[in-house]
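Reading through the structure tokens given below for one structure.
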Amino acid sequence: MAIDKNSNSYTFVFAIILVVVVGASLSYASLTLKPMQVENSIQKEMMSILNTVDVQAERSNAADLFYTNIKERVTLNYKGEVISQRSGKIDPKDVQDPFNVDVQKEYRSSQLSIESKQFPMYLAEVNGKKLAIIPMVGKGLWGPIWGYVALEEDFNTVFGAVFAHKSETPGLGAEISEAFFQNPFKGKKLYDESGNLVSIKVKKGGADDTDTHAVDAITGGTITSNGVSEMMKRTFGVYDNYFQKNRTQLTGL
């Protein structure tokens, strides 16, 4: 019996078969590529964290350098109390691993209370120097901004800072991802002489070289600069209790 290729039934059956075949192919490709995508995402995050402490890594050596220099991964609650700790290899399925905390998602979520949020931190040792790396996320002019700030073992002095953005204006707010903006954070202080947390302000009009709590804002990028200031002060405010409790123990003061 000849098949009428011009009939509606033939077109319908052919369309169904085509959808099934294409769908199955896409599903297989997605499942096959997912582990690679997850690994690439992990390596990218490792590179950003390492860059904060002046360890330059590529995808090929990111994992080795990360596990060599990052000694411990810690999650804090909003009171600055440790609620989980990990070291060694990262398991993407381990929801208690601080590395797997999606700080951007938690920041954006209006359904999560401050009591239920998690705040990760990475404790590193680079060339004999103990450092703490704090991830943070905030809001720029056109979308999210985020970054990592590494502190020396006094939990006061900035060792390094890395910032990034999703959609800030090129030549303006997008400059937060450039070295000329990030480098001046090195050596700045979070606490004043009385021990009060003042954080670091991205200051419009230029920061005085003697001001240990301010850096220059980006010309024409006021809203993004303010976003970085807000992001840092809010984030360090959460970690303040941990810093205060652990500073003497680590520094021997």
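Convention: chains lettered A, B, ... in structure tokens order; per-chain residue numbering from 1; ligands numbered from 1 as shown.
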Legend entry - Backbone DSSP call of strand (DSSP E) for range 3-242 of chain A, listed as a ChimeraX atom specification: /A:70-76,82-86,119-126,129-139,144-152,158-165,201-203,214-216
List every residue of range 92-186 of chain A that has an atom at most 9 Å from any atom of range 241-245 of chain A, giving for each one its closest atom pair and the distance in Å to one decimal, counting only C-alpha atoms, sorted by chain and then by ascending residue number, as a tab-separated table.
```
residue	atom	partner	partner_atom	distance
A:Asp154	CA	A:Phe243	CA	8.2
A:Phe155	CA	A:Phe243	CA	5.8
A:Asn156	CA	A:Phe243	CA	8.3
```
Legend entry - Backbone-only DSSP, helix (DSSP H, G or I) members of range 15-203 of chain A, as a VMD selection string: chain A and resid 15 to 52 62 to 69 98 to 100 103 to 108 114 to 116 173 to 177 179 to 185
List as a tab-separated table every residue of range 111-139 of chain A that is in contact with range 35-56 of chain A, defined as an atom at most 9 Å from one of its atoms (using only C-alpha atoms), together with the nearest atom pair and the distance in Å rounded to one decimal, sorted by chain and then rising number.
```
residue	atom	partner	partner_atom	distance
A:Tyr122	CA	A:Ile49	CA	8.5
A:Ala124	CA	A:Val53	CA	8.5
A:Val126	CA	A:Val53	CA	7.5
A:Leu131	CA	A:Val53	CA	8.0
A:Ile133	CA	A:Ile49	CA	7.4
A:Pro135	CA	A:Ile49	CA	8.5
```
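Between CA of Ala63 in chain A and CA of Ile90 in chain A the separation is 9.5 Å.
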